[in-house]
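Data first, discussion second: the structure below is written as structure tokens.
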Amino acid sequence: MVATRPTRGQSMFKSGTPARVHRNPFDDVLEQIDRAAAVLHPDPDALEPLRHPRRQVIVSVPVKMDNGHLQVFEGYRVVYDNSRGPGKGGIRYHPDVNLDECKALSAWMAWKCAVVDIPFGGAKGGVACDPLRLSDGELERITRRYISEIFDLIGPTVDIPAPDVGTSPRVMAWVMDTFSMKKGYVEPGVVTGKPIALGGSGGRLEATGRGLLFITRETLKRVGRQLEGSRVAIQGFGNVGSNAARLLHGAGACVVAVSDVSGAIYEPRGLDLPRLSAYYRETGQLRGFPGSQLLDNAALLRLPVDVLLPAAMEGQITADNAGEIQAKIIVEGANGPTTPEADEILARRQVMVVPDILANGGGVVVSYFEWVQDRYGYFWKEKDVNERLEEKMVNAFDAVWNTKEKFEVDGRTAAYIVAVDRIMEARSLRGLYA
Ligand code: NAD
């Protein structure tokens, strides 16, 4: 089935404006490298190259619009690192896409791929455009021209794009077709997140939610708790949040609250997820689900639960609300849901934060499986995909947890240490070329 993009009026972007006025996100990347370096004490000469993206490209994307006029969009592609394998990272269509954002997002992809230990570096790209204001034809022409412009820089052994904010399996099908037509043969491995009919992988759509299930279960185990009966609140009911909710419920957790952009619902005895999913599919809303109380979004974050799972957008847990969070564990389903200021408050309050680059890595792991299947032209059963995903996520969790205990650091710092250490080891073994 080919997924369609949201229609006008539906929420696709995490917000019109960022939840906080943020400094350059690339400064955060540099800070993360420093945090890891403060523990690892690497040779400064070995560390320095890690502070610079491998390649940054800006292209013009001229497109004939439906009104007959030509419009030129700006497109980007950054490969942060390819010491462990080809670049890997999404294509974002959003009006705010810019080079610094792509640099930061590509670095986070590099950390994530290293933490879940898949043979990819990090990359990211996109086009500064508003897909909600574009027709399908305009979207297709932007995609084809953008891919033509970066054609020499992508490929299954070079840099492999995937969907991100504002792009979908439909867009990935155009990426695959454009690349294949220019090559003169079919090359499904150039992009992941494709529709199943074009070489997509079973289990990809729910992979991030499934990875969150494994990570939540492992975290609870390490603090002497079990998933069964643990109370969970989930912010966001899109791909990540709804799949995480359904799978956690199926594994015996008590999902007491969920929310979407329009509000939250709460049932202290636990929501009936199969019925809620059917209700949401039918009505397109959470509000009015029989037996649940309506809450505002801010209240969901403060509920008395064991696990809080933010799965909506960045910058949700801030210095303003971190002091009121009652959950003892936060598992980051979204990218960047916790601000650095909130991190400090949570650490003081001994709230454990399982960081995004570990917790939501399930999506990129199954993207890796998709690439593997495309490259050898043999597709696995979904059951096999899910089992291999579990193994990868549990191994990644153990590596981060053991690092956290060894160096007595918080989970986020531990994840950066694992990532930076693995990337630096690969770089050092390869040496400096020429
Ligand atoms: P999505 O667009 O499918 O869903 C987002 C959900 O968040 C929607 O239900 C929306 O209504 C809700 N939302 C938006 N603002 C909200 C608010 N203020 N309060 C409560 N709910 C709100 O997006 P997604 O693919 O589920 O991604 C969610 C997050 O997970 C993003 O940060 C994304 O970058 C990250 N992520 C996604 C994947 C993936 O495979 N889809 C992988 C890794 C990380």
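Ordering of the structure tokens sets the chain letters (A, B, ...); residue numbers start at 1 within each chain; ligands are numbered from 1 in the order shown.
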Practice item. Name the residues, by chain letter and number, that sit within 6 Å of ligand 1 using only C-alpha atoms and all ligand atoms, and give them as a list in words. Key: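 I would give the residues around ligand 1 as Met12, Lys14, Thr208, Gln235, Gly236, Phe237, Gly238, Asn239, Val240, Gly241, Ser259, Asp260, Val261, Asn297, Ala311, Ala312, Met313, Glu314, Gly333, Ala334, Asn335, Asn360 and Gly363 of chain A.
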Exercise for review: Please identify which residues in region 136-229 of chain A DSSP calls strand (DSSP E) from the backbone, and express them as a VMD selection string.
Suggested key: chain A and resid 159 to 163
Please save C-alpha atoms of the selected residues as a short mmCIF file (atom, residue, chain, number, x, y, z; two decimals), in the first residue's frame.
```cif
data_model
loop_
_atom_site.label_atom_id
_atom_site.label_comp_id
_atom_site.auth_asym_id
_atom_site.auth_seq_id
_atom_site.Cartn_x
_atom_site.Cartn_y
_atom_site.Cartn_z
CA ASP A 159 24.43 7.58 0.90
CA ILE A 160 20.94 6.13 1.40
CA PRO A 161 18.03 8.53 2.01
CA ALA A 162 14.77 7.71 3.85
CA PRO A 163 11.56 9.53 4.79
#
```
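Comparing the minimum interatomic distances between Leu205 (chain A) and each of A:Val175, A:Ile417, A:Gln316, A:Ala244, counting only C-alpha atoms, we find that A:Ala244 sits nearest.
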Review point. Looking at only C-alpha atoms, which of A:Gly199, A:Gly315, A:Gly323, A:Pro290 is the one that sits closest to Trp380 (chain A)?
Key: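 Ranking A:Gly199, A:Gly315, A:Gly323, A:Pro290 by distance to Trp380 (chain A), first place goes to A:Gly199.
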Review point. Looking only at the backbone, which of the residues in region 44-215 of chain A does DSSP tag as alpha helix (DSSP H), as a PyMOL selection string?
Key: chain A and resi 44-47+99-115+136-149+169-183+207-215
Review point. Got a sec: who's within 12 Å of Thr413 (chain A), counting only C-alpha atoms, leaving out chain neighbours fewer than 4 positions off, as a PyMOL selection string?
Key: chain A and resi 31-40+111+115+340+343-344+347+353-358+400-401+403-409+417-421
